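Raw query_18.cif, mmCIF, C-alpha atoms and all ligand atoms; chains and numbers go by the auth columns:
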data_my_file
#
loop_
_atom_site.group_PDB
_atom_site.id
_atom_site.type_symbol
_atom_site.label_atom_id
_atom_site.label_comp_id
_atom_site.label_asym_id
_atom_site.label_seq_id
_atom_site.Cartn_x
_atom_site.Cartn_y
_atom_site.Cartn_z
_atom_site.B_iso_or_equiv
_atom_site.auth_seq_id
_atom_site.auth_asym_id
ATOM 1 C CA MET A 1 14.841 -8.693 -9.336 0.00 1 A
ATOM 2 C CA ILE A 2 12.966 -7.422 -6.254 0.00 2 A
ATOM 3 C CA ILE A 3 11.328 -3.992 -6.556 0.00 3 A
ATOM 4 C CA ALA A 4 9.937 -2.257 -3.448 0.00 4 A
ATOM 5 C CA VAL A 5 7.335 0.463 -3.953 0.00 5 A
ATOM 6 C CA ASP A 6 6.242 2.374 -0.845 0.00 6 A
ATOM 7 C CA GLY A 7 4.245 5.514 -0.180 0.00 7 A
ATOM 8 C CA PRO A 8 1.149 6.992 1.424 0.00 8 A
ATOM 9 C CA ALA A 9 -2.490 6.367 0.491 0.00 9 A
ATOM 10 C CA ALA A 10 -3.463 7.038 -3.143 0.00 10 A
ATOM 11 C CA SER A 11 0.005 8.301 -4.089 0.00 11 A
ATOM 12 C CA GLY A 12 -0.110 5.994 -7.124 0.00 12 A
ATOM 13 C CA LYS A 13 2.167 3.268 -5.778 0.00 13 A
ATOM 14 C CA GLY A 14 -0.202 0.427 -6.748 0.00 14 A
ATOM 15 C CA THR A 15 -0.570 1.757 -10.290 0.00 15 A
ATOM 16 C CA ILE A 16 3.209 2.058 -10.624 0.00 16 A
ATOM 17 C CA ALA A 17 3.891 -1.329 -9.002 0.00 17 A
ATOM 18 C CA ARG A 18 1.462 -3.110 -11.346 0.00 18 A
ATOM 19 C CA ALA A 19 3.020 -1.399 -14.378 0.00 19 A
ATOM 20 C CA LEU A 20 6.548 -2.345 -13.251 0.00 20 A
ATOM 21 C CA ALA A 21 5.446 -5.955 -12.769 0.00 21 A
ATOM 22 C CA ARG A 22 4.023 -5.997 -16.315 0.00 22 A
ATOM 23 C CA HIS A 23 7.131 -4.331 -17.729 0.00 23 A
ATOM 24 C CA TYR A 24 9.534 -6.817 -16.142 0.00 24 A
ATOM 25 C CA GLY A 25 7.208 -9.849 -16.384 0.00 25 A
ATOM 26 C CA ILE A 26 7.314 -10.598 -12.655 0.00 26 A
ATOM 27 C CA PRO A 27 4.492 -11.042 -10.107 0.00 27 A
ATOM 28 C CA HIS A 28 3.065 -8.209 -8.002 0.00 28 A
ATOM 29 C CA LEU A 29 1.708 -8.167 -4.450 0.00 29 A
ATOM 30 C CA ASP A 30 -0.431 -5.335 -3.094 0.00 30 A
ATOM 31 C CA THR A 31 0.473 -5.777 0.591 0.00 31 A
ATOM 32 C CA GLY A 32 -2.142 -3.252 1.711 0.00 32 A
ATOM 33 C CA LEU A 33 -4.770 -5.812 0.735 0.00 33 A
ATOM 34 C CA LEU A 34 -3.487 -8.149 3.479 0.00 34 A
ATOM 35 C CA TYR A 35 -4.091 -5.506 6.153 0.00 35 A
ATOM 36 C CA ARG A 36 -7.434 -4.654 4.556 0.00 36 A
ATOM 37 C CA ALA A 37 -8.387 -8.359 4.755 0.00 37 A
ATOM 38 C CA VAL A 38 -7.522 -8.469 8.462 0.00 38 A
ATOM 39 C CA ALA A 39 -9.610 -5.330 9.014 0.00 39 A
ATOM 40 C CA THR A 40 -12.571 -6.828 7.142 0.00 40 A
ATOM 41 C CA GLN A 41 -12.350 -10.040 9.137 0.00 41 A
ATOM 42 C CA VAL A 42 -12.216 -8.050 12.412 0.00 42 A
ATOM 43 C CA THR A 43 -15.416 -6.256 11.445 0.00 43 A
ATOM 44 C CA ARG A 44 -17.166 -9.457 10.379 0.00 44 A
ATOM 45 C CA LEU A 45 -16.223 -11.231 13.608 0.00 45 A
ATOM 46 C CA ASP A 46 -17.488 -8.197 15.552 0.00 46 A
ATOM 47 C CA LEU A 47 -14.049 -7.682 17.091 0.00 47 A
ATOM 48 C CA ASP A 48 -12.291 -4.411 17.978 0.00 48 A
ATOM 49 C CA PRO A 49 -9.477 -3.352 15.579 0.00 49 A
ATOM 50 C CA ALA A 50 -7.827 -1.325 18.343 0.00 50 A
ATOM 51 C CA ILE A 51 -7.346 -4.426 20.535 0.00 51 A
ATOM 52 C CA GLU A 52 -4.224 -6.285 19.437 0.00 52 A
ATOM 53 C CA ALA A 53 -5.482 -9.769 20.424 0.00 53 A
ATOM 54 C CA ASP A 54 -8.701 -9.181 18.438 0.00 54 A
ATOM 55 C CA ALA A 55 -6.733 -8.100 15.358 0.00 55 A
ATOM 56 C CA VAL A 56 -4.350 -11.055 15.652 0.00 56 A
ATOM 57 C CA ALA A 57 -7.327 -13.435 15.813 0.00 57 A
ATOM 58 C CA ALA A 58 -8.397 -12.036 12.424 0.00 58 A
ATOM 59 C CA CYS A 59 -5.038 -12.641 10.683 0.00 59 A
ATOM 60 C CA ASP A 60 -5.892 -16.195 9.683 0.00 60 A
ATOM 61 C CA PHE A 61 -8.189 -15.350 6.756 0.00 61 A
ATOM 62 C CA ASP A 62 -9.230 -17.260 3.663 0.00 62 A
ATOM 63 C CA ASP A 63 -7.420 -15.925 0.545 0.00 63 A
ATOM 64 C CA GLN A 64 -10.772 -15.603 -1.243 0.00 64 A
ATOM 65 C CA LEU A 65 -11.362 -12.601 0.990 0.00 65 A
ATOM 66 C CA LEU A 66 -8.636 -10.694 -0.898 0.00 66 A
ATOM 67 C CA ALA A 67 -10.881 -10.440 -3.971 0.00 67 A
ATOM 68 C CA GLU A 68 -13.878 -8.931 -2.173 0.00 68 A
ATOM 69 C CA PRO A 69 -14.833 -5.403 -3.306 0.00 69 A
ATOM 70 C CA MET A 70 -15.475 -4.330 0.306 0.00 70 A
ATOM 71 C CA LEU A 71 -11.731 -4.378 0.902 0.00 71 A
ATOM 72 C CA ARG A 72 -11.440 -1.230 -1.266 0.00 72 A
ATOM 73 C CA ASP A 73 -13.887 0.808 0.866 0.00 73 A
ATOM 74 C CA ASP A 74 -12.642 3.932 2.623 0.00 74 A
ATOM 75 C CA ALA A 75 -13.764 2.567 6.015 0.00 75 A
ATOM 76 C CA THR A 76 -11.773 -0.622 5.437 0.00 76 A
ATOM 77 C CA GLY A 77 -8.656 1.473 4.737 0.00 77 A
ATOM 78 C CA GLN A 78 -9.130 3.269 8.050 0.00 78 A
ATOM 79 C CA ALA A 79 -9.591 0.017 9.969 0.00 79 A
ATOM 80 C CA ALA A 80 -6.584 -1.471 8.135 0.00 80 A
ATOM 81 C CA SER A 81 -4.464 1.399 9.391 0.00 81 A
ATOM 82 C CA ILE A 82 -5.601 0.637 12.974 0.00 82 A
ATOM 83 C CA VAL A 83 -4.909 -3.121 12.838 0.00 83 A
ATOM 84 C CA SER A 84 -1.601 -2.592 11.016 0.00 84 A
ATOM 85 C CA ALA A 85 -0.146 -0.607 13.925 0.00 85 A
ATOM 86 C CA HIS A 86 -0.142 -3.744 16.131 0.00 86 A
ATOM 87 C CA PRO A 87 3.319 -5.395 16.089 0.00 87 A
ATOM 88 C CA LEU A 88 1.812 -8.911 16.361 0.00 88 A
ATOM 89 C CA VAL A 89 -0.374 -8.309 13.309 0.00 89 A
ATOM 90 C CA ARG A 90 2.677 -7.207 11.310 0.00 90 A
ATOM 91 C CA ALA A 91 4.586 -10.259 12.554 0.00 91 A
ATOM 92 C CA ALA A 92 1.735 -12.563 11.501 0.00 92 A
ATOM 93 C CA LEU A 93 1.854 -11.224 7.912 0.00 93 A
ATOM 94 C CA LEU A 94 5.640 -10.898 7.591 0.00 94 A
ATOM 95 C CA GLN A 95 6.714 -14.323 6.293 0.00 95 A
ATOM 96 C CA ARG A 96 4.063 -14.423 3.595 0.00 96 A
ATOM 97 C CA GLN A 97 5.336 -11.113 2.175 0.00 97 A
ATOM 98 C CA ARG A 98 9.023 -12.078 2.483 0.00 98 A
ATOM 99 C CA ARG A 99 8.372 -15.380 0.693 0.00 99 A
ATOM 100 C CA PHE A 100 6.584 -13.535 -2.113 0.00 100 A
ATOM 101 C CA ALA A 101 9.436 -11.042 -2.451 0.00 101 A
ATOM 102 C CA HIS A 102 12.124 -13.724 -2.558 0.00 102 A
ATOM 103 C CA GLN A 103 10.485 -16.119 -5.009 0.00 103 A
ATOM 104 C CA PRO A 104 12.664 -17.226 -7.967 0.00 104 A
ATOM 105 C CA GLY A 105 12.678 -14.515 -10.659 0.00 105 A
ATOM 106 C CA GLY A 106 11.766 -11.770 -8.241 0.00 106 A
ATOM 107 C CA ALA A 107 8.668 -9.687 -7.605 0.00 107 A
ATOM 108 C CA VAL A 108 7.240 -6.213 -7.145 0.00 108 A
ATOM 109 C CA LEU A 109 5.580 -5.404 -3.819 0.00 109 A
ATOM 110 C CA ASP A 110 3.851 -2.192 -2.824 0.00 110 A
ATOM 111 C CA GLY A 111 3.007 -1.009 0.661 0.00 111 A
ATOM 112 C CA ARG A 112 4.469 1.046 3.495 0.00 112 A
ATOM 113 C CA ASP A 113 7.454 -0.980 4.764 0.00 113 A
ATOM 114 C CA ILE A 114 8.629 -2.998 1.759 0.00 114 A
ATOM 115 C CA GLY A 115 11.956 -1.200 1.369 0.00 115 A
ATOM 116 C CA THR A 116 12.576 -0.941 5.120 0.00 116 A
ATOM 117 C CA VAL A 117 11.316 -4.240 6.594 0.00 117 A
ATOM 118 C CA ILE A 118 9.978 -6.777 4.089 0.00 118 A
ATOM 119 C CA ALA A 119 12.771 -6.555 1.500 0.00 119 A
ATOM 120 C CA PRO A 120 15.570 -4.267 2.719 0.00 120 A
ATOM 121 C CA ASP A 121 17.708 -6.122 0.150 0.00 121 A
ATOM 122 C CA ALA A 122 15.484 -5.055 -2.795 0.00 122 A
ATOM 123 C CA ASP A 123 17.340 -4.267 -6.037 0.00 123 A
ATOM 124 C CA ALA A 124 15.381 -1.046 -6.484 0.00 124 A
ATOM 125 C CA LYS A 125 13.255 0.929 -4.012 0.00 125 A
ATOM 126 C CA LEU A 126 10.802 3.653 -4.963 0.00 126 A
ATOM 127 C CA PHE A 127 9.058 5.980 -2.525 0.00 127 A
ATOM 128 C CA ILE A 128 6.011 7.538 -4.181 0.00 128 A
ATOM 129 C CA ARG A 129 4.643 10.880 -3.024 0.00 129 A
ATOM 130 C CA ALA A 130 1.836 13.263 -4.000 0.00 130 A
ATOM 131 C CA THR A 131 0.214 16.133 -2.106 0.00 131 A
ATOM 132 C CA PRO A 132 -2.623 15.169 0.271 0.00 132 A
ATOM 133 C CA THR A 133 -5.223 17.136 -1.713 0.00 133 A
ATOM 134 C CA ILE A 134 -4.226 15.514 -5.015 0.00 134 A
ATOM 135 C CA ARG A 135 -4.276 12.077 -3.393 0.00 135 A
ATOM 136 C CA ALA A 136 -7.708 12.772 -1.894 0.00 136 A
ATOM 137 C CA ARG A 137 -9.021 13.917 -5.301 0.00 137 A
ATOM 138 C CA ARG A 138 -7.773 10.737 -6.965 0.00 138 A
ATOM 139 C CA ARG A 139 -9.158 8.472 -4.239 0.00 139 A
ATOM 140 C CA HIS A 140 -12.490 10.339 -4.192 0.00 140 A
ATOM 141 C CA ASP A 141 -12.837 9.910 -7.982 0.00 141 A
ATOM 142 C CA GLU A 142 -12.008 6.218 -7.639 0.00 142 A
ATOM 143 C CA LEU A 143 -14.542 5.666 -4.819 0.00 143 A
ATOM 144 C CA GLN A 144 -17.239 7.613 -6.707 0.00 144 A
ATOM 145 C CA LYS A 145 -16.737 5.420 -9.777 0.00 145 A
ATOM 146 C CA ARG A 146 -17.302 2.421 -7.519 0.00 146 A
ATOM 147 C CA GLY A 147 -20.632 3.891 -6.397 0.00 147 A
ATOM 148 C CA SER A 148 -19.585 5.311 -3.028 0.00 148 A
ATOM 149 C CA ALA A 149 -21.408 8.450 -1.787 0.00 149 A
ATOM 150 C CA ILE A 150 -18.507 9.596 0.425 0.00 150 A
ATOM 151 C CA ASN A 151 -17.635 13.292 -0.014 0.00 151 A
ATOM 152 C CA TYR A 152 -14.230 14.761 -0.869 0.00 152 A
ATOM 153 C CA ASP A 153 -13.691 16.425 2.529 0.00 153 A
ATOM 154 C CA GLN A 154 -14.199 13.118 4.316 0.00 154 A
ATOM 155 C CA VAL A 155 -11.751 11.342 1.993 0.00 155 A
ATOM 156 C CA LEU A 156 -9.140 14.070 2.606 0.00 156 A
ATOM 157 C CA ALA A 157 -9.660 13.898 6.392 0.00 157 A
ATOM 158 C CA ASP A 158 -9.365 10.100 6.331 0.00 158 A
ATOM 159 C CA ILE A 159 -6.167 10.251 4.259 0.00 159 A
ATOM 160 C CA ARG A 160 -4.615 12.739 6.698 0.00 160 A
ATOM 161 C CA THR A 161 -5.599 10.578 9.698 0.00 161 A
ATOM 162 C CA ARG A 162 -4.142 7.499 8.040 0.00 162 A
ATOM 163 C CA ASP A 163 -0.923 9.336 7.042 0.00 163 A
ATOM 164 C CA ASP A 164 -0.431 10.418 10.669 0.00 164 A
ATOM 165 C CA ARG A 165 -1.169 7.001 12.134 0.00 165 A
ATOM 166 C CA ASP A 166 0.954 5.121 9.595 0.00 166 A
ATOM 167 C CA SER A 167 3.905 7.523 9.986 0.00 167 A
ATOM 168 C CA SER A 168 3.905 7.693 13.782 0.00 168 A
ATOM 169 C CA ARG A 169 3.526 4.020 14.754 0.00 169 A
ATOM 170 C CA SER A 170 6.559 2.469 16.412 0.00 170 A
ATOM 171 C CA THR A 171 6.694 -0.733 14.335 0.00 171 A
ATOM 172 C CA ALA A 172 7.484 -0.402 10.625 0.00 172 A
ATOM 173 C CA PRO A 173 6.296 3.208 10.196 0.00 173 A
ATOM 174 C CA LEU A 174 5.672 4.742 6.795 0.00 174 A
ATOM 175 C CA VAL A 175 9.097 6.179 5.981 0.00 175 A
ATOM 176 C CA ALA A 176 11.323 6.196 2.907 0.00 176 A
ATOM 177 C CA ALA A 177 14.272 3.798 3.106 0.00 177 A
ATOM 178 C CA ASP A 178 17.629 5.599 3.066 0.00 178 A
ATOM 179 C CA ASP A 179 18.363 4.151 -0.367 0.00 179 A
ATOM 180 C CA ALA A 180 14.873 4.736 -1.847 0.00 180 A
ATOM 181 C CA MET A 181 14.427 6.831 -4.991 0.00 181 A
ATOM 182 C CA GLU A 182 11.690 9.426 -4.499 0.00 182 A
ATOM 183 C CA LEU A 183 9.048 10.025 -7.143 0.00 183 A
ATOM 184 C CA ASP A 184 6.425 12.767 -6.741 0.00 184 A
ATOM 185 C CA THR A 185 3.448 11.985 -8.981 0.00 185 A
ATOM 186 C CA SER A 186 1.412 15.102 -8.070 0.00 186 A
ATOM 187 C CA PHE A 187 1.750 16.685 -11.489 0.00 187 A
ATOM 188 C CA LEU A 188 2.461 13.600 -13.586 0.00 188 A
ATOM 189 C CA SER A 189 -0.047 11.670 -15.668 0.00 189 A
ATOM 190 C CA ILE A 190 -0.197 7.919 -15.015 0.00 190 A
ATOM 191 C CA ASP A 191 1.847 7.258 -18.193 0.00 191 A
ATOM 192 C CA ALA A 192 4.470 9.840 -17.228 0.00 192 A
ATOM 193 C CA ALA A 193 4.708 8.481 -13.667 0.00 193 A
ATOM 194 C CA VAL A 194 5.141 4.921 -14.940 0.00 194 A
ATOM 195 C CA SER A 195 7.814 5.953 -17.486 0.00 195 A
ATOM 196 C CA ARG A 196 9.696 7.824 -14.794 0.00 196 A
ATOM 197 C CA ALA A 197 9.473 4.831 -12.436 0.00 197 A
ATOM 198 C CA ILE A 198 10.847 2.478 -15.105 0.00 198 A
ATOM 199 C CA ALA A 199 13.691 4.927 -15.838 0.00 199 A
ATOM 200 C CA LEU A 200 14.588 5.148 -12.136 0.00 200 A
ATOM 201 C CA VAL A 201 14.606 1.354 -11.739 0.00 201 A
ATOM 202 C CA GLU A 202 16.703 0.928 -14.902 0.00 202 A
ATOM 203 C CA ALA A 203 19.228 3.509 -13.692 0.00 203 A
ATOM 204 C CA ARG A 204 19.510 1.746 -10.329 0.00 204 A
ATOM 205 C CA VAL A 205 19.849 -1.830 -11.589 0.00 205 A
ATOM 206 C CA GLN A 206 22.251 -0.924 -14.392 0.00 206 A
ATOM 207 C CA GLY A 207 24.244 1.654 -12.490 0.00 207 A
HETATM 208 N N1 LIG B . -0.178 9.933 -11.796 0.00 1 B
HETATM 209 C C1 LIG B . -1.502 9.794 -11.646 0.00 1 B
HETATM 210 N N2 LIG B . -2.336 10.721 -12.130 0.00 1 B
HETATM 211 C C2 LIG B . -3.664 10.625 -11.975 0.00 1 B
HETATM 212 N N3 LIG B . -4.285 9.601 -11.348 0.00 1 B
HETATM 213 C C3 LIG B . -3.516 8.646 -10.841 0.00 1 B
HETATM 214 C C4 LIG B . -2.089 8.681 -10.957 0.00 1 B
HETATM 215 N N4 LIG B . -1.590 7.580 -10.353 0.00 1 B
HETATM 216 C C5 LIG B . -2.646 6.892 -9.879 0.00 1 B
HETATM 217 N N5 LIG B . -3.809 7.512 -10.175 0.00 1 B
HETATM 218 C C6 LIG B . -5.170 7.087 -9.803 0.00 1 B
HETATM 219 O O1 LIG B . -5.311 7.405 -8.422 0.00 1 B
HETATM 220 C C7 LIG B . -5.995 6.360 -7.743 0.00 1 B
HETATM 221 C C8 LIG B . -5.077 5.802 -6.643 0.00 1 B
HETATM 222 O O2 LIG B . -3.964 5.182 -7.253 0.00 1 B
HETATM 223 P P1 LIG B . -3.323 3.867 -6.654 0.00 1 B
HETATM 224 O O3 LIG B . -2.234 3.446 -7.578 0.00 1 B
HETATM 225 O O4 LIG B . -4.372 2.868 -6.317 0.00 1 B
HETATM 226 O O5 LIG B . -2.692 4.450 -5.300 0.00 1 B
HETATM 227 P P2 LIG B . -2.103 3.727 -4.034 0.00 1 B
HETATM 228 O O6 LIG B . -1.772 2.308 -4.424 0.00 1 B
HETATM 229 O O7 LIG B . -0.897 4.524 -3.675 0.00 1 B
HETATM 230 O O8 LIG B . -3.179 3.811 -2.998 0.00 1 B
HETATM 231 C C9 LIG B . -6.364 5.325 -8.802 0.00 1 B
HETATM 232 O O9 LIG B . -7.694 5.582 -9.215 0.00 1 B
HETATM 233 C C10 LIG B . -5.386 5.588 -9.932 0.00 1 B
HETATM 234 O O10 LIG B . -5.909 5.260 -11.207 0.00 1 B
HETATM 235 N N1 LIG B . 2.951 -2.734 3.795 0.00 2 B
HETATM 236 C C1 LIG B . 1.868 -2.152 4.325 0.00 2 B
HETATM 237 C C2 LIG B . 0.713 -1.938 3.553 0.00 2 B
HETATM 238 C C3 LIG B . -0.379 -1.354 4.137 0.00 2 B
HETATM 239 N N2 LIG B . -0.350 -1.037 5.463 0.00 2 B
HETATM 240 C C4 LIG B . -1.514 -0.492 6.174 0.00 2 B
HETATM 241 O O1 LIG B . -2.708 -0.804 5.500 0.00 2 B
HETATM 242 C C5 LIG B . -3.460 0.384 5.201 0.00 2 B
HETATM 243 C C6 LIG B . -4.112 0.199 3.845 0.00 2 B
HETATM 244 O O2 LIG B . -3.063 0.126 2.897 0.00 2 B
HETATM 245 P P1 LIG B . -3.308 0.252 1.325 0.00 2 B
HETATM 246 O O3 LIG B . -1.970 0.226 0.682 0.00 2 B
HETATM 247 O O4 LIG B . -4.318 -0.751 0.893 0.00 2 B
HETATM 248 O O5 LIG B . -3.966 1.683 1.228 0.00 2 B
HETATM 249 P P2 LIG B . -3.942 2.712 0.012 0.00 2 B
HETATM 250 O O6 LIG B . -2.569 3.286 -0.020 0.00 2 B
HETATM 251 O O7 LIG B . -4.238 1.916 -1.231 0.00 2 B
HETATM 252 O O8 LIG B . -5.004 3.681 0.357 0.00 2 B
HETATM 253 C C7 LIG B . -2.449 1.522 5.296 0.00 2 B
HETATM 254 O O9 LIG B . -3.030 2.763 5.677 0.00 2 B
HETATM 255 C C8 LIG B . -1.459 1.013 6.328 0.00 2 B
HETATM 256 O O10 LIG B . -1.884 1.315 7.630 0.00 2 B
HETATM 257 C C9 LIG B . 0.811 -1.225 6.184 0.00 2 B
HETATM 258 O O11 LIG B . 0.855 -0.882 7.365 0.00 2 B
HETATM 259 N N3 LIG B . 1.896 -1.791 5.617 0.00 2 B
#
Once more with this new file: its structure as structure tokens, please.
Amino acid sequence: MIIAVDGPAASGKGTIARALARHYGIPHLDTGLLYRAVATQVTRLDLDPAIEADAVAACDFDDQLLAEPMLRDDATGQAASIVSAHPLVRAALLQRQRRFAHQPGGAVLDGRDIGTVIAPDADAKLFIRATPTIRARRRHDELQKRGSAINYDQVLADIRTRDDRDSSRSTAPLVAADDAMELDTSFLSIDAAVSRAIALVEARVQG
């Protein structure tokens, strides 16, 4: 079974995707980490994320990079959103994600274009939403726990900038697939959001 989980920054898609993977006993891929790795490599090589050729040169990264805490920084998320708008960067990362999705037994992937581009054939597609201020509050709490001094207003501004950039790019924009099931987590606890997600997937695969 392939499950696609898409949505904007800090909507809770990673939390839900991990829980679905545990529930169904299948592997999970956080595809945002791939773009965050490219962004980190661009910075380390002193390249410009806005220049497509620079970003493409950073796509060939060592997988160890995926485990580095710096990938979770707010600034890395911003740079990831810049590199991810380049069509050649998306093309460079496409096969890896498709292979993961179509492995025997299935998989859960979360990102922005899983239901539309990576696995349009997914058995169940979820599009996770939450209001920008609630998402900023969650992400700010998360960054604070990791020792970041960034303030709430900056996190909210960065989330809005990223939402706009991710939604307006011409290649694989952030948009719900026509057959995606929408789940707004704004006023749901993590447990309630996960239960709802499992119920939606069950209804889709059994119905
Ligand atoms: N329903 C929820 N209620 C409260 N906090 C949540 C909820 N879902 C996720 N979170 C928290 O919000 C933060 C962002 O969630 P995450 O799943 O990483 O979002 P995304 O993958 O969409 O960026 C995490 O700290 C997570 O624990
Ligand atoms: N499938 C994906 C996943 C992420 N991305 C990009 O990578 C950035 C970081 O993604 P992420 O999922 O790690 O970010 P959060 O939602 O966790 O904040 C996003 O803002 C997108 O620009 C993408 O374009 N396509």
Selection within 6 Å of ligand LIG 1 (chain B) by only C-alpha atoms and all ligand atoms, output as a PyMOL selection string:
chain A and resi 9-15+138-139+142+185+188-190+193
Using only C-alpha atoms, which of A:Val108, A:Ala19, A:Ala75, A:Ala57 sits nearest Thr31 (chain A)?
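Of all the options, A:Val108 lies closest to Thr31 (chain A).
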Neighbour list for Gly106 (chain A) as a list in words, cut-off 10 Å, only C-alpha atoms, skip fewer than 6 positions in-chain
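These residues fall inside the cut-off: Met1, Ile2, Ile3, Ala21, Tyr24, Gly25, Ile26, Pro27, His28, Phe100, Ala122 and Asp123 of chain A.
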Need the neighbours of (-2.2, -15.9, 3.8): which residues are at most 8 Å away, counting all atoms listed in the file, as a PDB file with C-alpha atoms, in the frame of the given file?
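Result file is result.pdb:
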ATOM      1  CA  LEU A  34      -3.487  -8.149   3.479  1.00  0.00           C
ATOM      2  CA  ASP A  60      -5.892 -16.195   9.683  1.00  0.00           C
ATOM      3  CA  PHE A  61      -8.189 -15.350   6.756  1.00  0.00           C
ATOM      4  CA  ASP A  62      -9.230 -17.260   3.663  1.00  0.00           C
ATOM      5  CA  ASP A  63      -7.420 -15.925   0.545  1.00  0.00           C
ATOM      6  CA  LEU A  93       1.854 -11.224   7.912  1.00  0.00           C
ATOM      7  CA  ARG A  96       4.063 -14.423   3.595  1.00  0.00           C
TER       8      ARG A  96
END
List as a short mmCIF file (atom, residue, chain, number, x, y, z; two decimals) with C-alpha atoms, in the frame of the given file the protein and nucleic acid residues near region 35-40 of chain A, meaning an atom at most 7 Å away when all atoms listed in the file are counted, but skip any in the same chain fewer than 6 places from it.
data_model
loop_
_atom_site.label_atom_id
_atom_site.label_comp_id
_atom_site.auth_asym_id
_atom_site.auth_seq_id
_atom_site.Cartn_x
_atom_site.Cartn_y
_atom_site.Cartn_z
CA PRO A 49 -9.48 -3.35 15.58
CA ALA A 55 -6.73 -8.10 15.36
CA ALA A 58 -8.40 -12.04 12.42
CA CYS A 59 -5.04 -12.64 10.68
CA LEU A 65 -11.36 -12.60 0.99
CA LEU A 66 -8.64 -10.69 -0.90
CA LEU A 71 -11.73 -4.38 0.90
CA THR A 76 -11.77 -0.62 5.44
CA GLY A 77 -8.66 1.47 4.74
CA ALA A 79 -9.59 0.02 9.97
CA ALA A 80 -6.58 -1.47 8.14
CA VAL A 83 -4.91 -3.12 12.84
CA SER A 84 -1.60 -2.59 11.02
#
Taking only C-alpha atoms into account, name the residue in A:Val5, A:Ala53, A:Ala107, A:Val194 that is nearest to Ala92 (chain A).
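Closest candidate: A:Ala53.
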Would you work out the distance separating CA of Ala17 (chain A) from CA of Met181 (chain A), expressed in Å to one decimal?
13.9 Å
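Using only C-alpha atoms, the smallest distance between any of A:Gln97, A:Leu33, A:Asp178, A:Gly7 and Glu68 (chain A) comes from A:Leu33.
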Would you compute, for all listed atoms of region 71-78 of chain A, the axis-aligned bounding box grown by 4 Å on each side, and then report its centre and edge lengths in Å rounded to one decimal, as AutoDock Vina command-line options?
--center_x -11.3 --center_y -0.2 --center_z 3.4 --size_x 13.2 --size_y 16.3 --size_z 17.3
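With all atoms listed in the file as the atoms that count, the residue of A:Arg44, A:Arg129, A:Arg196, A:Arg72 with the shortest distance to ligand LIG 2 (chain B) is A:Arg72.
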I want to know what sits within 10 Å of Arg112 (chain A), based on only C-alpha atoms, with residues of the same chain fewer than 4 positions away left out; could you give that as a list in words?
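Surrounding residues, per the criterion: Ala4, Val5, Asp6, Gly7, Pro8, Ala9, Lys13, Thr31, Gly32, Thr116, Val117, Ile118, Phe127, Asp166, Ser167, Ala172, Pro173, Leu174, Val175 and Ala176 of chain A.
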Kindly indicate which residue among A:Thr161, A:Gln41, A:Gln206, A:Gln64 lies nearest to Ala124 (chain A), using only C-alpha atoms for the distances.
A:Gln206
Calculate how many Å separate CA of Asp110 (chain A) from atom C3 of ligand LIG 2 (chain B), rounding to one decimal.
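Taking CA of Asp110 (chain A) as the start and atom C3 of ligand LIG 2 (chain B) as the end point, the length is 8.2 Å.
One finds atom O10 of ligand LIG 2 (chain B) at 6.6 Å from CA of Arg162 (chain A).
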Tell me which of A:Ala149, A:Ile159, A:Ile16, A:Ala177 sits closest to ligand LIG 2 (chain B), counting only C-alpha atoms and all ligand atoms.
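Selected residue with least distance to ligand LIG 2 (chain B): A:Ile159.
Taking all atoms listed in the file, the non-local environment of Asp153 (chain A) within 10 Å (same-chain residues fewer than 6 positions away omitted) comprises Thr133, Ala136, Arg137, His140 and Ile159 of chain A.
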Result set of the PyMOL selection byres (((chain A and resi 186) around 7) and not hetatm) on the coordinates above, as number ranges by chain
A: 130-131, 134, 184-185, 187-188
